[in-house]
Every structure is written in structure tokens, then in C-alpha cells.
Amino acid sequence: MHHFLSELQDGNLPVEKFRYYILQDYLYLGAFGRAAAAALAQAPDTESAVRLLKRVTTPVERPLHGALFDALGVSEEEAEASSPSPTNLAYMNHIEVSMDMGGLACGVAALLPCPRIYHEVGKILEEPSHPIYKIWQSTYAEGLLEASVAAWSEFVDELAEDAGPDIRALMEEAYLTSSRYEYMFWTMAYNLEEWPA
């Protein structure tokens with residue numbers, strides 16, 4: 001388990017690192033929403049559009065951010081004014097470029113790791129003793145992302161089934177790259193990553 005998560009579970013993670021993480025996550029989810037909207041724009045038919053619309057219009061983690069902002073003393077104005085770290089900016093660019101350049105199949109593959117990984121983290125993390133971290137962990141443990149994971153997974157499977165081997169290879173690379181960025185996101189937060197210049 002990544003040390004960011006293990007220290008969060010043990011209640012030993014410095015609050016400043018978690019605060020940094022939440023601000024960066026807020027920025028990232030804006031990019032996720034834009035990429036999901038781009039997926040909707042590329043929907044091949046009405047049925048797909050209706051299914052994708054639910055993923056765009058249901059910002060499931062925004063209420064969690066609101067609760068955590070209150071607990072951490074963060075205003076929405078501060079969150080909006082914050083700047084993405086190098087890792088976060090690279091991750092946001094990756095999901096948006098995957099959608100723009102790789103089409104719907106690659107874009108959806110790039111989006112899936114975020115909800116899937118957090119859904120799985122919610123299953124394995126034990127309840128932290130720290131009250132702020134308990135809000136975060138319990139939300140995922142209660143299955144916040146279950147419907148989202150099921151929907152995005154279904155899209156990925158359907159698009160992969162209809163794609164040729166070249167597109168499937170690009171989908172796999174987009175998925176793996178996003179998964180790596182998810183791990184790097186925790187490292188970024190743990191190190192309070194800043195731009196070197």
C-alpha cells in the first residue's frame with residue numbers, strides 16, 4: 001500500500017499533505033468532467049449518449065469535497081484559485097489528450113482507472129482514527145463509486161470488443177498510464193510537490 005494511504009489509515013498523515021491532496025483532487029476532477037463531456041460529444045448513438053450523460057451530470061465526489069473543505073477550512077474560492085502540480089497537470093493533460101487524439105475508446109479507457117482504483121481502495125482501507133480521514137475513507141467504503149465503475153467498465157468493454165487490435169493496444173496504454181498517474185498522485189501529495197522553477 002502506498003505510504004500516503006497507510007499513514008492516512010493509521011491517522012498519522014500530516015493534515016497539510018491531505019489538504020494539498022484534496023485541492024489537487026478538486027482540480028483533477030474538473031478535467032475528468034471535461035473529458036467525460038467530450039466523451040458524451042463523441043457518443044455514436046442516442047443510447048450511448050443517454051448512458052454517458054449520467055456520467056457527466058452526476059459529479060459524485062463534489063459533495064465529498066464540500067464536506068472535506070469544511071473540515072479543512074478550505075473555501076471554494078481557494079480551491080478554484082489553486083494551481084495544478086506538475087504531476088496533476090500531466091495527468092489532466094493525459095486524459096484530455098487521450099479523448100481528443102485517441103477517440104472515444106482511448107478516452108474512456110483513460111478515465112476508468114480513477115473511479116476503479118478509489119472504489120477498490122475503499123474496500124481495503126480500514127477506518128482511520130483521524131476524523132477528517134474517516135470522512136474520506138468511509139465515503140469510498142460505502143460504495144460511492146460503485147455505479148460509476150460499473151458504467152465506465154461497461155463502456156470500455158463494449159468499445160474494446162468493437163475495436164481492432166491497434167485501438168485495443170492504445171486503450172490498454174491509456175488505461176495503464178492513468179493507473180500509473182493515480183499512484184503518482186499519492187506520491188505528489190505526500191511530497192507536497194511544487195514546480196522546480
# chains A, B, ... in the order shown; residues from 1 in each chain; ligands from 1
>>> residues_around(residues="Ile135 in chain A", least_positions_apart="6", cutoff="12 Å", atoms="only C-alpha atoms", output="ChimeraX atom specification")
/A:8-9,63-72,122,127-129,141-142
>>> write_last_selection(atoms="N, CA, C and O atoms", output="compact mmCIF listing (two decimals), in the first residue's frame")
# COMPACT_ATOMS: atom_id res chain seq x y z
N LEU A 8 -2.55 7.62 6.13
CA LEU A 8 -3.92 8.12 6.27
C LEU A 8 -4.74 7.13 7.10
O LEU A 8 -5.45 7.53 8.03
N GLN A 9 -4.61 5.84 6.80
CA GLN A 9 -5.35 4.82 7.54
C GLN A 9 -4.96 4.82 9.02
O GLN A 9 -5.81 4.67 9.89
N PRO A 63 -19.86 16.51 -3.50
CA PRO A 63 -20.33 16.63 -2.11
C PRO A 63 -19.26 16.22 -1.10
O PRO A 63 -19.16 16.82 -0.02
N LEU A 64 -18.45 15.22 -1.44
CA LEU A 64 -17.36 14.81 -0.55
C LEU A 64 -16.36 15.95 -0.40
O LEU A 64 -15.92 16.25 0.70
N HIS A 65 -16.02 16.58 -1.52
CA HIS A 65 -15.11 17.72 -1.44
C HIS A 65 -15.69 18.82 -0.55
O HIS A 65 -14.96 19.44 0.23
N GLY A 66 -16.98 19.06 -0.68
CA GLY A 66 -17.62 20.09 0.15
C GLY A 66 -17.47 19.79 1.63
O GLY A 66 -17.12 20.68 2.42
N ALA A 67 -17.71 18.54 2.01
CA ALA A 67 -17.57 18.15 3.43
C ALA A 67 -16.13 18.27 3.89
O ALA A 67 -15.86 18.74 5.01
N LEU A 68 -15.20 17.86 3.03
CA LEU A 68 -13.79 17.93 3.41
C LEU A 68 -13.29 19.37 3.43
O LEU A 68 -12.46 19.73 4.27
N PHE A 69 -13.76 20.21 2.52
CA PHE A 69 -13.40 21.62 2.55
C PHE A 69 -13.82 22.25 3.88
O PHE A 69 -13.06 22.99 4.49
N ASP A 70 -15.02 21.93 4.32
CA ASP A 70 -15.50 22.46 5.60
C ASP A 70 -14.59 22.00 6.75
O ASP A 70 -14.20 22.78 7.61
N ALA A 71 -14.25 20.73 6.74
CA ALA A 71 -13.42 20.17 7.82
C ALA A 71 -12.00 20.72 7.79
O ALA A 71 -11.36 20.85 8.84
N LEU A 72 -11.51 21.04 6.60
CA LEU A 72 -10.13 21.52 6.45
C LEU A 72 -10.01 23.04 6.43
O LEU A 72 -8.90 23.58 6.35
N GLY A 122 -11.42 1.91 -1.28
CA GLY A 122 -12.47 1.96 -0.27
C GLY A 122 -12.76 0.60 0.36
O GLY A 122 -13.14 0.51 1.53
N GLU A 127 -10.90 1.74 8.73
CA GLU A 127 -11.38 3.04 9.17
C GLU A 127 -10.30 3.79 9.94
O GLU A 127 -9.78 3.30 10.94
N PRO A 128 -9.93 5.00 9.47
CA PRO A 128 -8.91 5.77 10.18
C PRO A 128 -9.45 6.33 11.50
O PRO A 128 -10.65 6.54 11.66
N SER A 129 -8.54 6.60 12.43
CA SER A 129 -8.95 7.22 13.68
C SER A 129 -9.13 8.72 13.53
O SER A 129 -9.91 9.33 14.25
N ALA A 141 -15.67 3.61 1.13
CA ALA A 141 -16.02 2.29 1.67
C ALA A 141 -17.51 2.00 1.52
O ALA A 141 -17.92 0.84 1.38
N GLU A 142 -18.33 3.05 1.53
CA GLU A 142 -19.78 2.88 1.40
C GLU A 142 -20.23 2.70 -0.04
O GLU A 142 -21.42 2.58 -0.32
>>> closest_atom_pairs(of="range 59-157 of chain A", to="range 167-188 of chain A", cutoff="7 Å", atoms="only C-alpha atoms", output="Markdown table")
| residue | atom | partner | partner_atom | distance |
| --- | --- | --- | --- | --- |
| A:Thr87 | CA | A:Met188 | CA | 6.7 |
| A:Asn88 | CA | A:Phe185 | CA | 6.8 |
| A:Tyr91 | CA | A:Tyr181 | CA | 6.1 |
| A:Ser98 | CA | A:Ala174 | CA | 6.8 |
| A:Ala105 | CA | A:Met171 | CA | 6.5 |
| A:Cys106 | CA | A:Met171 | CA | 4.6 |
| A:Ala109 | CA | A:Tyr175 | CA | 5.1 |
| A:Ala110 | CA | A:Tyr175 | CA | 4.7 |
| A:Pro113 | CA | A:Ser179 | CA | 5.5 |
| A:Cys114 | CA | A:Glu182 | CA | 6.9 |
>>> closest_residue(among="A:Phe4, A:Tyr118, A:Tyr26, A:Tyr190", to="Glu77 in chain A", atoms="only C-alpha atoms")
A:Tyr26
>>> closest_residue(among="A:Ala37, A:Val149, A:Leu23, A:Val74", to="Ile117 in chain A", atoms="only C-alpha atoms")
A:Val149
>>> closest_residue(among="A:Asn93, A:Ser6, A:Thr46, A:Ser82", to="Gly107 in chain A", atoms="only C-alpha atoms")
A:Asn93
>>> residues_around(residues="Ser85 in chain A", least_positions_apart="5", cutoff="8 Å", atoms="only C-alpha atoms", output="PyMOL selection string")
chain A and resi 24+188+193-195
>>> atom_distance(atom1="CA of Met99 in chain A", atom2="CA of Ala35 in chain A")
6.5 Å
>>> select_by_dssp(residues="range 25-183 of chain A", states="alpha helix (DSSP H)", output="ChimeraX atom specification")
/A:25-41,46-56,62-72,76-81,86-111,113-124,131-141,146-162,165-183
>>> atom_distance(atom1="CA of Pro196 in chain A", atom2="CA of Pro84 in chain A")
13.3 Å
>>> closest_residue(among="A:Met1, A:Glu80, A:Glu7, A:Asp157", to="Gly30 in chain A", atoms="only C-alpha atoms")
A:Glu80
>>> residues_around(residues="Met92 in chain A", least_positions_apart="4", cutoff="9 Å", atoms="only C-alpha atoms", output="JSON list (two decimals) with N, CA, C and O atoms, in the first residue's frame")
[["chain", "number", "residue", "atom", "x", "y", "z"],
["A", 27, "LEU", "N", -9.05, 19.98, -8.54],
["A", 27, "LEU", "CA", -8.65, 20.44, -9.88],
["A", 27, "LEU", "C", -8.72, 19.29, -10.89],
["A", 27, "LEU", "O", -9.21, 19.46, -12.00],
["A", 28, "TYR", "N", -8.23, 18.13, -10.47],
["A", 28, "TYR", "CA", -8.24, 16.97, -11.37],
["A", 28, "TYR", "C", -9.66, 16.60, -11.79],
["A", 28, "TYR", "O", -9.92, 16.30, -12.97],
["A", 29, "LEU", "N", -10.59, 16.61, -10.85],
["A", 29, "LEU", "CA", -11.95, 16.20, -11.18],
["A", 29, "LEU", "C", -12.62, 17.18, -12.15],
["A", 29, "LEU", "O", -13.53, 16.79, -12.88],
["A", 30, "GLY", "N", -12.16, 18.42, -12.19],
["A", 30, "GLY", "CA", -12.64, 19.33, -13.22],
["A", 30, "GLY", "C", -12.23, 18.84, -14.61],
["A", 30, "GLY", "O", -13.04, 18.84, -15.55],
["A", 31, "ALA", "N", -10.98, 18.39, -14.73],
["A", 31, "ALA", "CA", -10.50, 17.85, -16.00],
["A", 31, "ALA", "C", -11.22, 16.55, -16.34],
["A", 31, "ALA", "O", -11.56, 16.30, -17.51],
["A", 32, "PHE", "N", -11.48, 15.73, -15.32],
["A", 32, "PHE", "CA", -12.22, 14.48, -15.54],
["A", 32, "PHE", "C", -13.60, 14.80, -16.11],
["A", 32, "PHE", "O", -14.06, 14.17, -17.06],
["A", 87, "THR", "N", 2.69, 16.89, -11.59],
["A", 87, "THR", "CA", 2.09, 15.57, -11.81],
["A", 87, "THR", "C", 0.61, 15.69, -12.16],
["A", 87, "THR", "O", 0.12, 15.01, -13.07],
["A", 88, "ASN", "N", -0.10, 16.53, -11.44],
["A", 88, "ASN", "CA", -1.53, 16.68, -11.69],
["A", 88, "ASN", "C", -1.78, 17.24, -13.09],
["A", 88, "ASN", "O", -2.66, 16.77, -13.81],
["A", 96, "GLU", "N", -7.25, 14.33, -21.16],
["A", 96, "GLU", "CA", -7.87, 15.16, -22.18],
["A", 96, "GLU", "C", -7.29, 14.85, -23.56],
["A", 96, "GLU", "O", -8.03, 14.78, -24.56],
["A", 97, "VAL", "N", -5.98, 14.61, -23.65],
["A", 97, "VAL", "CA", -5.37, 14.25, -24.94],
["A", 97, "VAL", "C", -5.85, 12.87, -25.38],
["A", 97, "VAL", "O", -6.08, 12.64, -26.57]]
>>> atom_distance(atom1="CA of Gly164 in chain A", atom2="CA of Glu146 in chain A")
28.8 Å
>>> closest_residue(among="A:His130, A:His94, A:Arg62, A:Lys123", to="Asp25 in chain A", atoms="only C-alpha atoms")
A:Arg62
>>> closest_residue(among="A:Ala41, A:Ile95, A:Ile22, A:Ile132", to="Ala79 in chain A", atoms="only C-alpha atoms")
A:Ile22
>>> residues_around(residues="Leu144 in chain A", least_positions_apart="4", cutoff="9 Å", atoms="only C-alpha atoms", output="count of residues only")
7
>>> decode(residues="range 23-48 of chain A", atoms="N, CA, C and O atoms", output="PDB file, in the first residue's frame")
ATOM      1  N   LEU A  23      -7.072  19.638  -2.566  1.00  0.00           N
ATOM      2  CA  LEU A  23      -7.084  20.749  -3.521  1.00  0.00           C
ATOM      3  C   LEU A  23      -6.693  20.273  -4.914  1.00  0.00           C
ATOM      4  O   LEU A  23      -7.308  20.658  -5.916  1.00  0.00           O
ATOM      5  N   GLN A  24      -5.690  19.417  -4.994  1.00  0.00           N
ATOM      6  CA  GLN A  24      -5.272  18.891  -6.299  1.00  0.00           C
ATOM      7  C   GLN A  24      -6.356  17.974  -6.888  1.00  0.00           C
ATOM      8  O   GLN A  24      -6.608  17.982  -8.091  1.00  0.00           O
ATOM      9  N   ASP A  25      -6.992  17.205  -6.036  1.00  0.00           N
ATOM     10  CA  ASP A  25      -8.062  16.312  -6.496  1.00  0.00           C
ATOM     11  C   ASP A  25      -9.234  17.122  -7.050  1.00  0.00           C
ATOM     12  O   ASP A  25      -9.845  16.743  -8.054  1.00  0.00           O
ATOM     13  N   TYR A  26      -9.523  18.225  -6.400  1.00  0.00           N
ATOM     14  CA  TYR A  26     -10.590  19.112  -6.878  1.00  0.00           C
ATOM     15  C   TYR A  26     -10.288  19.587  -8.300  1.00  0.00           C
ATOM     16  O   TYR A  26     -11.158  19.577  -9.173  1.00  0.00           O
ATOM     17  N   LEU A  27      -9.046  19.985  -8.543  1.00  0.00           N
ATOM     18  CA  LEU A  27      -8.653  20.438  -9.878  1.00  0.00           C
ATOM     19  C   LEU A  27      -8.724  19.286 -10.887  1.00  0.00           C
ATOM     20  O   LEU A  27      -9.211  19.455 -12.004  1.00  0.00           O
ATOM     21  N   TYR A  28      -8.230  18.126 -10.470  1.00  0.00           N
ATOM     22  CA  TYR A  28      -8.239  16.967 -11.367  1.00  0.00           C
ATOM     23  C   TYR A  28      -9.661  16.597 -11.787  1.00  0.00           C
ATOM     24  O   TYR A  28      -9.918  16.299 -12.967  1.00  0.00           O
ATOM     25  N   LEU A  29     -10.588  16.612 -10.848  1.00  0.00           N
ATOM     26  CA  LEU A  29     -11.952  16.204 -11.180  1.00  0.00           C
ATOM     27  C   LEU A  29     -12.618  17.176 -12.149  1.00  0.00           C
ATOM     28  O   LEU A  29     -13.530  16.789 -12.885  1.00  0.00           O
ATOM     29  N   GLY A  30     -12.165  18.418 -12.186  1.00  0.00           N
ATOM     30  CA  GLY A  30     -12.639  19.331 -13.225  1.00  0.00           C
ATOM     31  C   GLY A  30     -12.234  18.841 -14.606  1.00  0.00           C
ATOM     32  O   GLY A  30     -13.041  18.840 -15.547  1.00  0.00           O
ATOM     33  N   ALA A  31     -10.976  18.393 -14.727  1.00  0.00           N
ATOM     34  CA  ALA A  31     -10.503  17.849 -16.005  1.00  0.00           C
ATOM     35  C   ALA A  31     -11.224  16.552 -16.339  1.00  0.00           C
ATOM     36  O   ALA A  31     -11.560  16.296 -17.506  1.00  0.00           O
ATOM     37  N   PHE A  32     -11.479  15.728 -15.319  1.00  0.00           N
ATOM     38  CA  PHE A  32     -12.221  14.483 -15.536  1.00  0.00           C
ATOM     39  C   PHE A  32     -13.604  14.800 -16.109  1.00  0.00           C
ATOM     40  O   PHE A  32     -14.063  14.165 -17.057  1.00  0.00           O
ATOM     41  N   GLY A  33     -14.261  15.800 -15.531  1.00  0.00           N
ATOM     42  CA  GLY A  33     -15.587  16.191 -16.012  1.00  0.00           C
ATOM     43  C   GLY A  33     -15.555  16.688 -17.448  1.00  0.00           C
ATOM     44  O   GLY A  33     -16.446  16.370 -18.243  1.00  0.00           O
ATOM     45  N   ARG A  34     -14.517  17.467 -17.803  1.00  0.00           N
ATOM     46  CA  ARG A  34     -14.396  17.951 -19.181  1.00  0.00           C
ATOM     47  C   ARG A  34     -14.173  16.796 -20.149  1.00  0.00           C
ATOM     48  O   ARG A  34     -14.739  16.769 -21.251  1.00  0.00           O
ATOM     49  N   ALA A  35     -13.363  15.820 -19.734  1.00  0.00           N
ATOM     50  CA  ALA A  35     -13.119  14.662 -20.592  1.00  0.00           C
ATOM     51  C   ALA A  35     -14.385  13.812 -20.727  1.00  0.00           C
ATOM     52  O   ALA A  35     -14.681  13.282 -21.806  1.00  0.00           O
ATOM     53  N   ALA A  36     -15.140  13.686 -19.642  1.00  0.00           N
ATOM     54  CA  ALA A  36     -16.405  12.944 -19.713  1.00  0.00           C
ATOM     55  C   ALA A  36     -17.392  13.651 -20.634  1.00  0.00           C
ATOM     56  O   ALA A  36     -18.134  12.999 -21.397  1.00  0.00           O
ATOM     57  N   ALA A  37     -17.400  14.979 -20.597  1.00  0.00           N
ATOM     58  CA  ALA A  37     -18.265  15.739 -21.505  1.00  0.00           C
ATOM     59  C   ALA A  37     -17.833  15.546 -22.947  1.00  0.00           C
ATOM     60  O   ALA A  37     -18.671  15.454 -23.858  1.00  0.00           O
ATOM     61  N   ALA A  38     -16.522  15.464 -23.185  1.00  0.00           N
ATOM     62  CA  ALA A  38     -16.016  15.207 -24.536  1.00  0.00           C
ATOM     63  C   ALA A  38     -16.429  13.812 -25.004  1.00  0.00           C
ATOM     64  O   ALA A  38     -16.734  13.610 -26.187  1.00  0.00           O
ATOM     65  N   ALA A  39     -16.451  12.861 -24.076  1.00  0.00           N
ATOM     66  CA  ALA A  39     -16.916  11.511 -24.424  1.00  0.00           C
ATOM     67  C   ALA A  39     -18.373  11.556 -24.851  1.00  0.00           C
ATOM     68  O   ALA A  39     -18.776  10.918 -25.829  1.00  0.00           O
ATOM     69  N   LEU A  40     -19.163  12.333 -24.130  1.00  0.00           N
ATOM     70  CA  LEU A  40     -20.576  12.485 -24.482  1.00  0.00           C
ATOM     71  C   LEU A  40     -20.718  13.052 -25.893  1.00  0.00           C
ATOM     72  O   LEU A  40     -21.551  12.594 -26.679  1.00  0.00           O
ATOM     73  N   ALA A  41     -19.879  14.026 -26.226  1.00  0.00           N
ATOM     74  CA  ALA A  41     -19.941  14.640 -27.556  1.00  0.00           C
ATOM     75  C   ALA A  41     -19.588  13.656 -28.658  1.00  0.00           C
ATOM     76  O   ALA A  41     -20.008  13.825 -29.815  1.00  0.00           O
ATOM     77  N   GLN A  42     -18.826  12.613 -28.322  1.00  0.00           N
ATOM     78  CA  GLN A  42     -18.417  11.622 -29.318  1.00  0.00           C
ATOM     79  C   GLN A  42     -19.307  10.377 -29.317  1.00  0.00           C
ATOM     80  O   GLN A  42     -19.014   9.408 -30.022  1.00  0.00           O
ATOM     81  N   ALA A  43     -20.356  10.394 -28.538  1.00  0.00           N
ATOM     82  CA  ALA A  43     -21.237   9.225 -28.462  1.00  0.00           C
ATOM     83  C   ALA A  43     -21.736   8.845 -29.851  1.00  0.00           C
ATOM     84  O   ALA A  43     -22.209   9.699 -30.601  1.00  0.00           O
ATOM     85  N   PRO A  44     -21.650   7.572 -30.213  1.00  0.00           N
ATOM     86  CA  PRO A  44     -22.016   7.157 -31.562  1.00  0.00           C
ATOM     87  C   PRO A  44     -23.519   7.069 -31.824  1.00  0.00           C
ATOM     88  O   PRO A  44     -23.945   7.033 -32.973  1.00  0.00           O
ATOM     89  N   ASP A  45     -24.325   7.031 -30.754  1.00  0.00           N
ATOM     90  CA  ASP A  45     -25.769   6.911 -30.940  1.00  0.00           C
ATOM     91  C   ASP A  45     -26.485   7.463 -29.709  1.00  0.00           C
ATOM     92  O   ASP A  45     -25.859   7.783 -28.686  1.00  0.00           O
ATOM     93  N   THR A  46     -27.794   7.566 -29.802  1.00  0.00           N
ATOM     94  CA  THR A  46     -28.584   8.168 -28.726  1.00  0.00           C
ATOM     95  C   THR A  46     -28.499   7.362 -27.437  1.00  0.00           C
ATOM     96  O   THR A  46     -28.380   7.932 -26.341  1.00  0.00           O
ATOM     97  N   GLU A  47     -28.540   6.046 -27.551  1.00  0.00           N
ATOM     98  CA  GLU A  47     -28.489   5.196 -26.351  1.00  0.00           C
ATOM     99  C   GLU A  47     -27.175   5.396 -25.603  1.00  0.00           C
ATOM    100  O   GLU A  47     -27.161   5.535 -24.378  1.00  0.00           O
ATOM    101  N   SER A  48     -26.077   5.473 -26.341  1.00  0.00           N
ATOM    102  CA  SER A  48     -24.781   5.716 -25.713  1.00  0.00           C
ATOM    103  C   SER A  48     -24.735   7.100 -25.085  1.00  0.00           C
ATOM    104  O   SER A  48     -24.197   7.292 -23.993  1.00  0.00           O
TER     105      SER A  48
END
